[in-house]
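Novice: The structure is given below, and queries will be raised subsequently.
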Amino acid sequence: MATVVAGNSRRQQIGWLPAEVTSFVGRRHEVAEVKQLLSTSRAVTLLGVGGVGKTRLALRVGIEVRRAFRDGVWLVELAALTDPDLLAQVVAEALEIRDHTVCSPMQVLISHLRDKQALVILDNCEHLVYECAVVAETLLRAAPELRILATSRHALGITGEQTLPVPTLPLPVSDSPGMPIEALMQCDALQLFTERARAILPAFAITEDNRDAVLRICRRLDGLPLAIELAAVRLRALSVKQLLDRLDDRFRLLTAGSRATLPRHQTLRAMIDWSFSLCSERERLLWERASVFAGSLDLEAAEAVCAGEGISRDEVIDLVIGLVDKSVFLREEQRPGVRYRLLDTIREYGRERLIAAGQEMALQQRHRDYYRALAARARAELFGPSQVTWFTRLQLEHANLRTAIESYYGDPAEAGAGLGMAADLLYHWITSYYLAEGRRWLDRGLALDTEPSEVRARALWANSWLAIIQADINSATTMLDESRVLGEQLGDELVRGYVALYSGMIAMYSGDTESAIGLYEEAVTRHGTTKDPVGLALALIRLSLAHSYLGDSAQAISLGEECLAVCDAHGEGWHKAYTMMALGVEVWRQGDLQRATELEKQSLIFNRSLDDPLGVGVNLEVLAWIAATEKHYQRAARLLGILETVWRSIGAPLSGFGHLVRYHDECESRTRNALGDSAFDSAVRKGGRLSYDEALGYALQEDTPPDEKAQTEPARLTRREREIAALVAQGMTNKQIAAALVIAQRTAEAHIEHILNKLGFNSRAQIAVWFGDQARAADEESGDARG
């Protein structure tokens, strides 16, 4: 049973590649060749037919070269993407760029990657070759240290591209009856067959009795990895000899008795045909129907979309288990539960069968209707204890949600349903990497469906919030004006409440605090009338901040505590975190620094768990202001350095909370005056160099950052390791270091590996920066001593 394990957090390391679960067999020559090509070319494309192992090879190379790329190795999966216009957006999302500006996705990518030393793997480009070529060439021109590794059935055709045809797995030159089994096992194809067979039969081994049959099976399958894996699964029910006999039968049927060697795509097709024929009738139906999913699916989705007309809902789980056992579905462990994925070639086959049966449109409709209902459920259950679970689930379903909205928009009669779905996903767009994409879906839907309706009114105010976060105030104002008119025409209090709320945000942004307070109070009243806790909580938070800004402490505290009561009554966490942030601002202003710190840290812990950079950024702001008030200026400066990184990552400082900028400016001025320009700039740089996890640990005072540890623990590296670190900082290669210290090159390599592990670094460049910091710190200390 194949299982894929996905990590719960990508913040633990720079870059993201999925974990390898099944062993990677052979390909030593190809891995070395790709690494060599990447060392001399900035664009490398792996070419080959489906099932030849392009993706696995690219991922293996990515894992092996990870340390060479300071800013990580990132996988961009494109198989599920059908809209070429979303390509740059999908790349940005895969790189975990949270952008809160109105810049185009390509501009965001260029800005993000311009100074990055990274490897981006574009996987499955063949259906978007032209678009991938444009994106790749544009990024390579803009980012001199970027490298791109693509997998495709066709070359991208860009300047400087190196291509490598990925061969099938090698086989012995001849049958060689006398060849020892040990020699046969050096052959990659036989190794793969053996390892996958052992996943089914742990005691399986190639013996004198079965060696010829195994060899003939691998030859018959042309050494195609996916075909070999599909064949090995058959050993659950067949002997090796029976497997070979049935393969021969199927290939004879395919070629009508011809002895000619089959083209490789026919070989793979024959194996998938056979896998399909060995499934029960209901398993075949489920395989076909599951092909409409993008990315992956869970059991609930399979039951809702695939059941009916030959499959009862109760049967689905047993059919899923059967398809997992047959390696048609891959099982993935995810935080909320188990999910299932079809390999791209397997999905394509199922889609072909579905189209041939005339069922594609009906299944697409079931698929989009299911995800529309899922989005509506998420909105209805947003304000409650299952909130974080919903946020996580929607992120996992993002490819399916995108496919569903796209399907609705492709049908003029259903554009309104797609617009309503996009509006229901408001919090998905805000709490994930998809804010800019959400804005585009809502813009597109509003252009397609212009009929005055509750759905349009709701989509307008939802989109206005995204525009406010992006500081696109003119667009937000225009949308709110139309939403207000529709709300009045429809007599819809909910719409009027949200229009008042977001209009208050615009007034606050413009510096008209008195008008903002009036609008927020109107929103509180209307949301109280409609008993909408989401709008009520948002309005109370903003109203509390506005009164705090005017110095009305009693009212600010009272409103904050009222909002906490609303959140606690519903078991809600995210709005409560923002409420604690708002209360922390006012409590800090009153001078209760201990309570303010506690409130901000509690809020930060939740925002960290949700991976909400906007909430995290505001929490860090207040903690920096508190540190400056306490005259802990080094800490304040470091937090300001961390904030530079946070705000740069989302493109908008204090996005949506611009009225708080004056506190930031006061903190920065006070801290710089206290430390002096040189010490202030040094502390800010140190904060900016911390990783995301290190930065939040520092803010929460959970740990000391690495460079502080190094200053307080000078013996962390051995004398020899420090000596080698100094030579690395000078730019010496391993060979040069070995010659300078009169040691073996392997010894030098081992020392460098130990240094990387001890310091938690990924590259030699990080060692050089660290050593430079140590030297400067030592100089400063000696200078202080002399002074």
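Every chain in the structure tokens takes a letter, A first, then B, and so on in the order presented; its residues are numbered from 1, and the ligands are numbered from 1 following the presented order.
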What are the DSSP helix (DSSP H, G or I) residues of range 582-679 of chain A, as number ranges by chain?

Specialist: A: 582-590, 593-610, 613-629, 633-650, 658-675, 677-679

Novice: Using only C-alpha atoms, which protein or nucleic acid residues come within 8 Å of range 615-625 of chain A? Drop anything in the same chain fewer than 4 positions from it, and give the result as a count of residues only.

Specialist: 25

Novice: Report as a VMD selection string all protein, DNA and RNA residues lying within 7 Å of range 469-485 of chain A, evaluated on only C-alpha atoms, omitting residues in the same chain fewer than 4 positions from it.

Specialist: chain A and resid 100 to 102 457 460 to 461 464 to 465 489 496 499 506 655 to 656

Novice: Could you save the residues just selected, with N, CA, C and O atoms, as a tab-separated table (two decimals), in the first residue's frame?

Specialist:
chain	number	residue	atom	x	y	z
A	100	HIS	N	0.44	41.23	-0.56
A	100	HIS	CA	-0.74	42.03	-0.28
A	100	HIS	C	-0.75	43.31	-1.10
A	100	HIS	O	-1.31	44.32	-0.68
A	101	THR	N	-0.12	43.27	-2.28
A	101	THR	CA	-0.11	44.44	-3.15
A	101	THR	C	-0.98	44.17	-4.37
A	101	THR	O	-1.48	43.07	-4.57
A	102	VAL	N	-1.12	45.20	-5.22
A	102	VAL	CA	-1.89	45.03	-6.45
A	102	VAL	C	-0.97	44.73	-7.63
A	102	VAL	O	-1.40	44.76	-8.79
A	457	ALA	N	-23.90	41.77	-4.30
A	457	ALA	CA	-23.65	42.71	-3.20
A	457	ALA	C	-22.61	42.15	-2.23
A	457	ALA	O	-21.71	42.86	-1.78
A	460	LEU	N	-19.13	42.06	-3.76
A	460	LEU	CA	-18.54	43.41	-3.82
A	460	LEU	C	-17.90	43.79	-2.49
A	460	LEU	O	-16.77	44.29	-2.45
A	461	TRP	N	-18.62	43.56	-1.36
A	461	TRP	CA	-17.98	43.95	-0.10
A	461	TRP	C	-16.85	43.01	0.29
A	461	TRP	O	-15.86	43.43	0.92
A	464	SER	N	-13.94	44.14	-1.66
A	464	SER	CA	-13.45	45.44	-1.17
A	464	SER	C	-12.46	45.23	-0.03
A	464	SER	O	-11.49	46.00	0.10
A	465	TRP	N	-12.69	44.22	0.80
A	465	TRP	CA	-11.74	43.96	1.90
A	465	TRP	C	-10.39	43.54	1.33
A	465	TRP	O	-9.34	44.00	1.79
A	489	GLN	N	-31.42	48.63	-2.00
A	489	GLN	CA	-32.48	48.16	-2.89
A	489	GLN	C	-33.07	46.85	-2.39
A	489	GLN	O	-34.28	46.63	-2.48
A	496	ARG	N	-25.57	45.88	4.35
A	496	ARG	CA	-25.37	47.23	4.89
A	496	ARG	C	-24.35	47.23	6.02
A	496	ARG	O	-23.53	48.16	6.15
A	499	VAL	N	-20.85	46.85	4.49
A	499	VAL	CA	-20.47	48.08	3.79
A	499	VAL	C	-20.03	49.13	4.81
A	499	VAL	O	-19.01	49.83	4.61
A	506	ILE	N	-11.78	52.31	5.42
A	506	ILE	CA	-11.27	53.30	4.46
A	506	ILE	C	-11.15	54.67	5.13
A	506	ILE	O	-10.16	55.39	4.93
A	655	SER	N	-0.41	46.27	6.72
A	655	SER	CA	-1.49	46.20	5.73
A	655	SER	C	-2.85	46.16	6.41
A	655	SER	O	-3.14	45.27	7.20
A	656	GLY	N	-3.68	47.17	6.11
A	656	GLY	CA	-5.01	47.25	6.71
A	656	GLY	C	-5.02	47.89	8.09
A	656	GLY	O	-6.09	48.13	8.66

Novice: With distances taken over only C-alpha atoms, which residue among A:Gln701, A:Gln364, A:Gln634, A:Ser503 lies nearest Ala290 in chain A?

Specialist: A:Gln364

Novice: With only C-alpha atoms as the basis for distance, which of A:Val44, A:Val324, A:Leu37, A:Ile272 is at the shortest distance from Leu226 in chain A?

Specialist: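 When distances to Leu226 in chain A are compared using only C-alpha atoms, the smallest one comes from A:Ile272.
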
Novice: Rank nothing, just name the residue among A:Phe204, A:Phe657, A:Tyr502, A:Tyr370 nearest to Tyr549 in chain A, using only C-alpha atoms.

Specialist: A:Phe657

Novice: How many Å lie between CA of Leu330 in chain A and CA of Tyr434 in chain A, rounded to one decimal?

Specialist: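 Distance between the two atoms: 26.5 Å.
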